[in-house]
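Undergrad: Here you go, this is model.cif (mmCIF, C-alpha atoms, pLDDT in the B column; chains and numbers go by the auth columns).
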```cif
data_model
loop_
_atom_site.group_PDB
_atom_site.id
_atom_site.type_symbol
_atom_site.label_atom_id
_atom_site.label_comp_id
_atom_site.label_asym_id
_atom_site.label_seq_id
_atom_site.Cartn_x
_atom_site.Cartn_y
_atom_site.Cartn_z
_atom_site.B_iso_or_equiv
_atom_site.auth_seq_id
_atom_site.auth_asym_id
ATOM 1 C CA ILE A 1 -2.498 29.133 -34.588 63.00 1 A
ATOM 2 C CA ASN A 2 -2.746 28.093 -30.975 67.00 2 A
ATOM 3 C CA ASP A 3 0.588 28.408 -29.081 77.00 3 A
ATOM 4 C CA TRP A 4 -0.913 27.524 -25.732 76.00 4 A
ATOM 5 C CA LYS A 5 0.717 24.576 -23.933 76.00 5 A
ATOM 6 C CA PRO A 6 -0.226 23.273 -20.522 75.00 6 A
ATOM 7 C CA VAL A 7 2.205 23.884 -17.666 72.00 7 A
ATOM 8 C CA ASN A 8 4.265 20.879 -16.596 72.00 8 A
ATOM 9 C CA GLN A 9 3.158 20.628 -12.995 70.00 9 A
ATOM 10 C CA HIS A 10 6.173 18.516 -12.048 67.00 10 A
ATOM 11 C CA GLU A 11 8.749 21.208 -12.792 69.00 11 A
ATOM 12 C CA ALA A 12 10.112 23.204 -9.878 62.00 12 A
ATOM 13 C CA GLY A 13 8.935 26.531 -11.392 65.00 13 A
ATOM 14 C CA ALA A 14 5.311 25.357 -11.424 66.00 14 A
ATOM 15 C CA LEU A 15 5.213 25.221 -7.623 65.00 15 A
ATOM 16 C CA LYS A 16 4.847 28.960 -6.969 65.00 16 A
ATOM 17 C CA ASP A 17 4.231 28.526 -3.245 65.00 17 A
ATOM 18 C CA GLY A 18 6.992 25.955 -2.745 62.00 18 A
ATOM 19 C CA ILE A 19 6.661 22.276 -1.996 60.00 19 A
ATOM 20 C CA PRO A 20 3.216 21.516 -0.562 59.00 20 A
ATOM 21 C CA GLY A 21 3.406 20.429 3.045 61.00 21 A
ATOM 22 C CA LEU A 22 -0.122 21.083 4.379 61.00 22 A
ATOM 23 C CA GLY A 23 1.477 22.839 7.330 65.00 23 A
ATOM 24 C CA TRP A 24 2.174 19.614 9.243 66.00 24 A
ATOM 25 C CA PRO A 25 5.200 19.804 11.552 67.00 25 A
ATOM 26 C CA ASP A 26 7.943 17.251 10.914 64.00 26 A
ATOM 27 C CA ALA A 27 7.145 15.437 14.153 64.00 27 A
ATOM 28 C CA GLU A 28 3.644 14.585 12.907 66.00 28 A
ATOM 29 C CA ARG A 29 4.469 13.770 9.293 68.00 29 A
ATOM 30 C CA MET A 30 5.156 10.186 8.232 72.00 30 A
ATOM 31 C CA HIS A 31 4.642 8.517 11.606 74.00 31 A
ATOM 32 C CA THR A 32 5.745 4.885 11.630 77.00 32 A
ATOM 33 C CA SER A 33 5.503 2.187 14.261 81.00 33 A
ATOM 34 C CA PHE A 34 9.317 1.916 14.173 78.00 34 A
ATOM 35 C CA GLN A 35 9.569 5.565 15.242 77.00 35 A
ATOM 36 C CA ASP A 36 7.012 4.978 17.982 77.00 36 A
ATOM 37 C CA GLN A 37 8.972 2.024 19.346 79.00 37 A
ATOM 38 C CA PHE A 38 12.578 3.177 18.882 78.00 38 A
ATOM 39 C CA GLY A 39 12.425 6.920 18.146 77.00 39 A
ATOM 40 C CA ALA A 40 13.627 8.800 15.098 74.00 40 A
ATOM 41 C CA PRO A 41 17.352 9.207 14.472 73.00 41 A
ATOM 42 C CA VAL A 42 18.696 12.698 14.974 73.00 42 A
ATOM 43 C CA LEU A 43 19.849 14.151 11.659 71.00 43 A
ATOM 44 C CA GLY A 44 23.468 15.205 11.621 73.00 44 A
ATOM 45 C CA GLN A 45 24.521 12.923 14.444 78.00 45 A
ATOM 46 C CA ASN A 46 26.550 10.288 12.574 81.00 46 A
ATOM 47 C CA ILE A 47 27.807 11.830 9.354 83.00 47 A
ATOM 48 C CA THR A 48 30.314 9.632 7.569 83.00 48 A
ATOM 49 C CA LYS A 49 32.445 10.383 4.522 85.00 49 A
ATOM 50 C CA LYS A 50 30.522 7.819 2.452 83.00 50 A
ATOM 51 C CA MET A 51 27.386 9.920 2.887 84.00 51 A
ATOM 52 C CA TYR A 52 28.765 12.869 0.918 86.00 52 A
ATOM 53 C CA GLU A 53 31.643 11.477 -1.146 85.00 53 A
ATOM 54 C CA LYS A 54 29.568 11.145 -4.347 86.00 54 A
ATOM 55 C CA VAL A 55 27.992 14.623 -4.215 88.00 55 A
ATOM 56 C CA VAL A 56 31.015 16.706 -3.164 88.00 56 A
ATOM 57 C CA LYS A 57 34.252 16.962 -5.128 89.00 57 A
ATOM 58 C CA GLY A 58 37.136 14.954 -3.716 87.00 58 A
ATOM 59 C CA ASP A 59 39.370 17.957 -3.029 90.00 59 A
ATOM 60 C CA GLN A 60 36.706 19.407 -0.685 90.00 60 A
ATOM 61 C CA HIS A 61 36.379 16.334 1.544 90.00 61 A
ATOM 62 C CA GLU A 62 39.047 17.464 4.009 91.00 62 A
ATOM 63 C CA PHE A 63 37.410 20.889 4.364 92.00 63 A
ATOM 64 C CA ILE A 64 34.015 19.310 5.012 91.00 64 A
ATOM 65 C CA THR A 65 35.483 16.918 7.579 90.00 65 A
ATOM 66 C CA ARG A 66 37.005 19.852 9.486 92.00 66 A
ATOM 67 C CA PHE A 67 33.747 21.811 9.176 92.00 67 A
ATOM 68 C CA LEU A 68 31.683 18.945 10.574 89.00 68 A
ATOM 69 C CA GLU A 69 34.028 18.502 13.541 90.00 69 A
ATOM 70 C CA GLN A 70 33.545 22.143 14.566 92.00 70 A
ATOM 71 C CA ALA A 71 29.939 22.725 13.438 90.00 71 A
ATOM 72 C CA PRO A 72 27.132 23.074 15.994 91.00 72 A
ATOM 73 C CA PRO A 73 24.329 20.459 15.873 87.00 73 A
ATOM 74 C CA GLU A 74 21.980 22.774 13.949 88.00 74 A
ATOM 75 C CA GLN A 75 24.477 23.236 11.102 90.00 75 A
ATOM 76 C CA ARG A 76 25.186 19.512 11.043 90.00 76 A
ATOM 77 C CA GLN A 77 21.445 18.887 10.603 88.00 77 A
ATOM 78 C CA GLN A 78 21.315 21.427 7.784 88.00 78 A
ATOM 79 C CA PHE A 79 24.330 19.791 6.126 90.00 79 A
ATOM 80 C CA THR A 80 22.653 16.375 6.358 88.00 80 A
ATOM 81 C CA GLY A 81 19.543 17.773 4.655 86.00 81 A
ATOM 82 C CA LEU A 82 21.748 19.297 1.929 88.00 82 A
ATOM 83 C CA VAL A 83 23.498 15.981 1.322 89.00 83 A
ATOM 84 C CA ARG A 84 20.168 14.122 1.160 86.00 84 A
ATOM 85 C CA SER A 85 18.858 16.603 -1.419 88.00 85 A
ATOM 86 C CA LEU A 86 22.023 16.360 -3.518 90.00 86 A
ATOM 87 C CA GLU A 87 21.889 12.546 -3.377 87.00 87 A
ATOM 88 C CA TYR A 88 18.301 12.648 -4.581 87.00 88 A
ATOM 89 C CA LEU A 89 19.268 14.924 -7.477 89.00 89 A
ATOM 90 C CA ARG A 90 22.291 12.751 -8.315 88.00 90 A
ATOM 91 C CA LEU A 91 20.070 9.676 -8.727 87.00 91 A
ATOM 92 C CA GLN A 92 16.997 11.408 -10.191 88.00 92 A
ATOM 93 C CA LYS A 93 17.652 10.473 -13.838 89.00 93 A
ATOM 94 C CA HIS A 94 18.577 6.922 -12.822 88.00 94 A
ATOM 95 C CA ARG A 95 15.287 6.610 -10.893 87.00 95 A
ATOM 96 C CA GLU A 96 13.262 7.809 -13.886 89.00 96 A
ATOM 97 C CA ASP A 97 14.825 5.239 -16.219 90.00 97 A
ATOM 98 C CA THR A 98 14.896 2.235 -13.870 89.00 98 A
ATOM 99 C CA SER A 99 12.129 0.050 -12.499 91.00 99 A
ATOM 100 C CA THR A 100 11.403 0.017 -8.799 88.00 100 A
ATOM 101 C CA SER A 101 12.524 -3.578 -8.381 90.00 101 A
ATOM 102 C CA ASN A 102 15.851 -2.838 -10.100 89.00 102 A
ATOM 103 C CA LEU A 103 16.349 0.171 -7.826 86.00 103 A
ATOM 104 C CA GLN A 104 15.734 -1.975 -4.773 86.00 104 A
ATOM 105 C CA MET A 105 18.189 -4.614 -6.017 88.00 105 A
ATOM 106 C CA ASP A 106 20.983 -2.140 -6.870 86.00 106 A
ATOM 107 C CA LEU A 107 23.713 -3.765 -4.815 85.00 107 A
ATOM 108 C CA HIS A 108 26.324 -1.078 -5.462 82.00 108 A
ATOM 109 C CA GLU A 109 24.077 1.765 -4.290 82.00 109 A
ATOM 110 C CA ASN A 110 22.600 -0.202 -1.386 81.00 110 A
ATOM 111 C CA ALA A 111 26.070 -1.200 -0.124 81.00 111 A
ATOM 112 C CA ARG A 112 27.324 2.380 -0.173 76.00 112 A
ATOM 113 C CA LEU A 113 26.155 3.201 3.359 71.00 113 A
ATOM 114 C CA TRP A 114 25.836 -0.258 4.921 76.00 114 A
ATOM 115 C CA ARG A 115 27.440 -3.557 4.075 79.00 115 A
ATOM 116 C CA PRO A 116 26.218 -6.526 6.101 81.00 116 A
ATOM 117 C CA PRO A 117 28.876 -8.588 7.878 85.00 117 A
ATOM 118 C CA LYS A 118 29.982 -11.872 6.372 88.00 118 A
ATOM 119 C CA GLN A 119 27.703 -14.702 7.431 86.00 119 A
ATOM 120 C CA ARG A 120 29.193 -17.226 9.818 83.00 120 A
ATOM 121 C CA PRO A 121 28.585 -20.946 9.182 81.00 121 A
ATOM 122 C CA MET A 122 25.474 -22.360 10.804 78.00 122 A
ATOM 123 C CA PHE A 123 27.175 -25.618 11.764 78.00 123 A
ATOM 124 C CA ASP A 124 30.601 -26.549 12.985 82.00 124 A
ATOM 125 C CA LYS A 125 32.638 -28.588 10.490 83.00 125 A
ATOM 126 C CA SER A 126 32.240 -31.636 12.712 84.00 126 A
ATOM 127 C CA GLU A 127 28.422 -31.349 12.445 80.00 127 A
ATOM 128 C CA ILE A 128 28.264 -30.905 8.674 79.00 128 A
ATOM 129 C CA ASN A 129 26.777 -34.357 7.931 81.00 129 A
ATOM 130 C CA ILE A 130 24.273 -34.418 10.772 80.00 130 A
ATOM 131 C CA SER A 131 20.759 -34.142 9.473 78.00 131 A
ATOM 132 C CA ARG A 132 18.510 -31.546 11.075 76.00 132 A
ATOM 133 C CA VAL A 133 15.365 -32.993 9.494 77.00 133 A
ATOM 134 C CA PRO A 134 13.084 -34.462 12.150 73.00 134 A
ATOM 135 C CA LEU A 135 12.271 -38.102 11.485 70.00 135 A
ATOM 136 C CA GLY A 136 9.115 -38.625 13.458 68.00 136 A
ATOM 137 C CA THR A 137 9.857 -39.873 16.942 66.00 137 A
ATOM 138 C CA LEU A 138 13.394 -41.031 16.185 59.00 138 A
ATOM 139 C CA VAL A 139 15.978 -39.193 18.191 59.00 139 A
ATOM 140 C CA GLN A 140 19.421 -38.505 16.756 59.00 140 A
ATOM 141 C CA GLU A 141 20.999 -37.968 20.133 64.00 141 A
ATOM 142 C CA LYS A 142 22.577 -40.701 22.159 65.00 142 A
ATOM 143 C CA ILE A 143 19.873 -43.043 23.369 63.00 143 A
ATOM 144 C CA ARG A 144 19.828 -43.084 27.115 67.00 144 A
ATOM 145 C CA THR A 145 19.519 -46.621 28.390 70.00 145 A
ATOM 146 C CA THR A 146 18.119 -47.263 31.796 76.00 146 A
ATOM 147 C CA GLU A 147 17.802 -50.571 33.541 81.00 147 A
ATOM 148 C CA ALA A 148 14.491 -52.268 32.907 81.00 148 A
ATOM 149 C CA PRO A 149 12.319 -52.782 35.976 83.00 149 A
ATOM 150 C CA PRO A 150 12.205 -56.365 37.281 86.00 150 A
ATOM 151 C CA PRO A 151 9.523 -58.519 35.647 87.00 151 A
ATOM 152 C CA PRO A 152 6.287 -58.924 37.615 87.00 152 A
ATOM 153 C CA PRO A 153 5.755 -62.194 39.465 88.00 153 A
ATOM 154 C CA PRO A 154 3.920 -64.947 37.501 88.00 154 A
ATOM 155 C CA TYR A 155 0.146 -64.729 37.566 85.00 155 A
ATOM 156 C CA ILE A 156 -1.528 -67.069 40.049 84.00 156 A
ATOM 157 C CA PRO A 157 -5.329 -67.174 39.696 78.00 157 A
ATOM 158 C CA PRO A 158 -7.357 -66.952 42.873 75.00 158 A
ATOM 159 C CA PRO A 159 -8.678 -70.283 44.187 70.00 159 A
ATOM 160 C CA SER A 160 -12.152 -71.419 43.071 65.00 160 A
ATOM 161 C CA PRO A 161 -14.935 -71.093 45.626 64.00 161 A
ATOM 162 C CA SER A 162 -15.843 -74.301 47.296 63.00 162 A
ATOM 163 C CA VAL A 163 -19.250 -75.589 46.191 62.00 163 A
ATOM 164 C CA SER A 164 -20.066 -78.939 47.752 61.00 164 A
ATOM 165 C CA GLY A 165 -16.414 -79.871 47.908 60.00 165 A
ATOM 166 C CA LEU A 166 -15.870 -79.694 44.111 57.00 166 A
ATOM 167 C CA GLY A 167 -13.869 -76.457 44.050 54.00 167 A
ATOM 168 C CA SER A 168 -10.572 -78.121 43.320 58.00 168 A
ATOM 169 C CA LEU A 169 -11.783 -80.391 40.499 57.00 169 A
ATOM 170 C CA PRO A 170 -11.575 -79.135 36.956 59.00 170 A
ATOM 171 C CA LEU A 171 -14.862 -78.211 35.377 60.00 171 A
ATOM 172 C CA THR A 172 -15.630 -80.578 32.487 62.00 172 A
ATOM 173 C CA ARG A 173 -18.675 -81.109 30.443 64.00 173 A
ATOM 174 C CA VAL A 174 -20.952 -83.676 31.991 62.00 174 A
ATOM 175 C CA ALA A 175 -23.328 -85.671 29.793 64.00 175 A
ATOM 176 C CA THR A 176 -26.971 -84.717 30.172 63.00 176 A
ATOM 177 C CA PRO A 177 -30.051 -86.369 28.773 63.00 177 A
ATOM 178 C CA LEU A 178 -30.447 -83.585 26.156 62.00 178 A
ATOM 179 C CA GLY A 179 -26.874 -83.758 25.041 53.00 179 A
ATOM 180 C CA SER A 180 -26.636 -87.569 24.859 53.00 180 A
ATOM 181 C CA ASP A 181 -27.808 -90.160 22.325 56.00 181 A
ATOM 182 C CA ALA A 182 -29.914 -92.029 24.884 52.00 182 A
ATOM 183 C CA GLY A 183 -32.674 -89.439 24.857 49.00 183 A
ATOM 184 C CA SER A 184 -33.254 -89.572 21.137 50.00 184 A
ATOM 185 C CA SER A 185 -35.107 -92.568 19.712 48.00 185 A
#
```
Show me the file's structure as structure tokens.
TA:
Amino acid sequence: INDWKPVNQHEAGALKDGIPGLGWPDAERMHTSFQDQFGAPVLGQNITKKMYEKVVKGDQHEFITRFLEQAPPEQRQQFTGLVRSLEYLRLQKHREDTSTSNLQMDLHENARLWRPPKQRPMFDKSEINISRVPLGTLVQEKIRTTEAPPPPPPYIPPPSPSVSGLGSLPLTRVATPLGSDAGSS
């Protein structure tokens, strides 16, 4: 009989040396471009009641509020880490049983810390029937009318050059011996 079973490496007791961290300091772990541009938020700076209301019993909320008002920044940071760990443990079973897309779309949990403001209308009520679809070169604004420029003067051709005094006579076809019937017999 073989009673040997492999150790579940995901249990907390299997990590004899604690959570692996490779010795990286927090400032160099998980660098993001957002942190580079805007900096990382300081933990423990803005602690609201909604952050800890689901992991601490309701009768202790007043005590915690008083504690946070008087606590130095280091203890506030430690409290924020505690609340984050408790929140993770509170939702651990739910995360194991739910798909990633359902977790991301969990409106109740996502709205717990931030609820977006109500969207304002894009258009005023007076503009509701105005189409915003461009229709080629047609303009939906008021057409600006300007006075048309005066018409150009009528075209007068330049005078014909004078060749043996015939410049003013119209040019017509003159009969030639090739073009007439007299030359053909």
Undergrad: When you look at Thr48 in chain A with a cut-off of 12 Å (counting all atoms listed in the file), what residues show up, excluding the ones that are within fewer than 5 positions of it in the same chain? I need them as a list of chain:residue names.
TA: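 With the cut-off at 12 Å, the set is A:Glu53, A:His61, A:Ile64, A:Thr65, A:Leu68, A:Glu69, A:Arg76, A:Phe79, A:Thr80, A:Val83, A:Arg112, A:Leu113, A:Trp114.
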Undergrad: Suppose a student applies the PyMOL selection byres ((chain A and resi 38-47) around 9) to this structure; what residues should they get, written as a list in words?
TA: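 Answer for the PyMOL selection byres ((chain A and resi 38-47) around 9): Ser33, Phe34, Gln35, Asp36, Gln37, Thr48, Lys49, Lys50, Met51, Tyr52, Leu68, Pro73, Glu74, Gln75, Arg76, Gln77, Gln78, Phe79, Thr80 and Gly81 of chain A.
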Undergrad: CA of Asn102 in chain A and CA of Glu87 in chain A are how many Å apart?
TA: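 Separation between CA of Asn102 in chain A and CA of Glu87 in chain A: 17.8 Å.
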Undergrad: Between CA of Lys54 in chain A and CA of Phe67 in chain A, what distance in Å does the model show, to one decimal?
TA: 17.7 Å
Undergrad: Quick one: pull the distance between CA of His94 in chain A and CA of Leu107 in chain A, Å, one decimal.
TA: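 These atoms are spaced 14.3 Å apart.
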Undergrad: How would range 120-139 of chain A read, as a PDB file, keeping the file's coordinate frame, once N, CA, C and O atoms are built in?
TA:
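Okay, this is what ended up in out10.pdb:
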```pdb
ATOM      1  N   ARG A 120      28.443 -16.130   9.223  1.00 83.00           N
ATOM      2  CA  ARG A 120      29.193 -17.226   9.818  1.00 83.00           C
ATOM      3  C   ARG A 120      28.488 -18.545   9.515  1.00 83.00           C
ATOM      4  O   ARG A 120      27.276 -18.565   9.329  1.00 83.00           O
ATOM      5  N   PRO A 121      29.229 -19.656   9.460  1.00 81.00           N
ATOM      6  CA  PRO A 121      28.585 -20.946   9.182  1.00 81.00           C
ATOM      7  C   PRO A 121      27.577 -21.310  10.269  1.00 81.00           C
ATOM      8  O   PRO A 121      27.782 -21.009  11.443  1.00 81.00           O
ATOM      9  N   MET A 122      26.507 -21.949   9.852  1.00 78.00           N
ATOM     10  CA  MET A 122      25.474 -22.360  10.804  1.00 78.00           C
ATOM     11  C   MET A 122      25.935 -23.541  11.655  1.00 78.00           C
ATOM     12  O   MET A 122      25.561 -23.655  12.798  1.00 78.00           O
ATOM     13  N   PHE A 123      26.748 -24.417  11.067  1.00 78.00           N
ATOM     14  CA  PHE A 123      27.175 -25.618  11.764  1.00 78.00           C
ATOM     15  C   PHE A 123      28.689 -25.640  11.855  1.00 78.00           C
ATOM     16  O   PHE A 123      29.388 -25.100  11.010  1.00 78.00           O
ATOM     17  N   ASP A 124      29.176 -26.309  12.868  1.00 82.00           N
ATOM     18  CA  ASP A 124      30.601 -26.549  12.985  1.00 82.00           C
ATOM     19  C   ASP A 124      30.977 -27.594  11.934  1.00 82.00           C
ATOM     20  O   ASP A 124      30.133 -28.374  11.483  1.00 82.00           O
ATOM     21  N   LYS A 125      32.233 -27.630  11.532  1.00 83.00           N
ATOM     22  CA  LYS A 125      32.638 -28.588  10.490  1.00 83.00           C
ATOM     23  C   LYS A 125      32.425 -30.032  10.943  1.00 83.00           C
ATOM     24  O   LYS A 125      32.225 -30.913  10.126  1.00 83.00           O
ATOM     25  N   SER A 126      32.460 -30.273  12.227  1.00 84.00           N
ATOM     26  CA  SER A 126      32.240 -31.636  12.712  1.00 84.00           C
ATOM     27  C   SER A 126      30.770 -32.036  12.630  1.00 84.00           C
ATOM     28  O   SER A 126      30.442 -33.211  12.667  1.00 84.00           O
ATOM     29  N   GLU A 127      29.858 -31.066  12.498  1.00 80.00           N
ATOM     30  CA  GLU A 127      28.422 -31.349  12.445  1.00 80.00           C
ATOM     31  C   GLU A 127      27.871 -31.286  11.021  1.00 80.00           C
ATOM     32  O   GLU A 127      26.662 -31.324  10.844  1.00 80.00           O
ATOM     33  N   ILE A 128      28.727 -31.199  10.031  1.00 79.00           N
ATOM     34  CA  ILE A 128      28.264 -30.905   8.674  1.00 79.00           C
ATOM     35  C   ILE A 128      27.383 -32.010   8.086  1.00 79.00           C
ATOM     36  O   ILE A 128      26.510 -31.735   7.276  1.00 79.00           O
ATOM     37  N   ASN A 129      27.570 -33.263   8.496  1.00 81.00           N
ATOM     38  CA  ASN A 129      26.777 -34.357   7.931  1.00 81.00           C
ATOM     39  C   ASN A 129      25.626 -34.788   8.828  1.00 81.00           C
ATOM     40  O   ASN A 129      24.970 -35.782   8.550  1.00 81.00           O
ATOM     41  N   ILE A 130      25.378 -34.066   9.887  1.00 80.00           N
ATOM     42  CA  ILE A 130      24.273 -34.418  10.772  1.00 80.00           C
ATOM     43  C   ILE A 130      23.000 -33.802  10.213  1.00 80.00           C
ATOM     44  O   ILE A 130      22.945 -32.611   9.951  1.00 80.00           O
ATOM     45  N   SER A 131      22.022 -34.621  10.016  1.00 78.00           N
ATOM     46  CA  SER A 131      20.759 -34.142   9.473  1.00 78.00           C
ATOM     47  C   SER A 131      19.977 -33.413  10.549  1.00 78.00           C
ATOM     48  O   SER A 131      19.915 -33.839  11.694  1.00 78.00           O
ATOM     49  N   ARG A 132      19.355 -32.308  10.158  1.00 76.00           N
ATOM     50  CA  ARG A 132      18.510 -31.546  11.075  1.00 76.00           C
ATOM     51  C   ARG A 132      17.031 -31.766  10.775  1.00 76.00           C
ATOM     52  O   ARG A 132      16.180 -31.121  11.340  1.00 76.00           O
ATOM     53  N   VAL A 133      16.742 -32.701   9.856  1.00 77.00           N
ATOM     54  CA  VAL A 133      15.365 -32.993   9.494  1.00 77.00           C
ATOM     55  C   VAL A 133      14.772 -33.939  10.530  1.00 77.00           C
ATOM     56  O   VAL A 133      15.321 -35.009  10.778  1.00 77.00           O
ATOM     57  N   PRO A 134      13.675 -33.559  11.152  1.00 73.00           N
ATOM     58  CA  PRO A 134      13.084 -34.462  12.150  1.00 73.00           C
ATOM     59  C   PRO A 134      12.503 -35.695  11.477  1.00 73.00           C
ATOM     60  O   PRO A 134      11.831 -35.606  10.455  1.00 73.00           O
ATOM     61  N   LEU A 135      12.759 -36.838  12.042  1.00 70.00           N
ATOM     62  CA  LEU A 135      12.271 -38.102  11.485  1.00 70.00           C
ATOM     63  C   LEU A 135      11.266 -38.727  12.445  1.00 70.00           C
ATOM     64  O   LEU A 135      11.528 -39.739  13.066  1.00 70.00           O
ATOM     65  N   GLY A 136      10.155 -38.098  12.584  1.00 68.00           N
ATOM     66  CA  GLY A 136       9.115 -38.625  13.458  1.00 68.00           C
ATOM     67  C   GLY A 136       9.561 -38.625  14.899  1.00 68.00           C
ATOM     68  O   GLY A 136      10.005 -37.621  15.422  1.00 68.00           O
ATOM     69  N   THR A 137       9.494 -39.798  15.529  1.00 66.00           N
ATOM     70  CA  THR A 137       9.857 -39.873  16.942  1.00 66.00           C
ATOM     71  C   THR A 137      11.281 -40.359  17.138  1.00 66.00           C
ATOM     72  O   THR A 137      11.707 -40.563  18.259  1.00 66.00           O
ATOM     73  N   LEU A 138      12.014 -40.585  16.041  1.00 59.00           N
ATOM     74  CA  LEU A 138      13.394 -41.031  16.185  1.00 59.00           C
ATOM     75  C   LEU A 138      14.230 -39.882  16.719  1.00 59.00           C
ATOM     76  O   LEU A 138      14.092 -38.740  16.316  1.00 59.00           O
ATOM     77  N   VAL A 139      15.112 -40.206  17.598  1.00 59.00           N
ATOM     78  CA  VAL A 139      15.978 -39.193  18.191  1.00 59.00           C
ATOM     79  C   VAL A 139      17.388 -39.434  17.686  1.00 59.00           C
ATOM     80  O   VAL A 139      17.869 -40.565  17.664  1.00 59.00           O
TER      81      VAL A 139
END
```
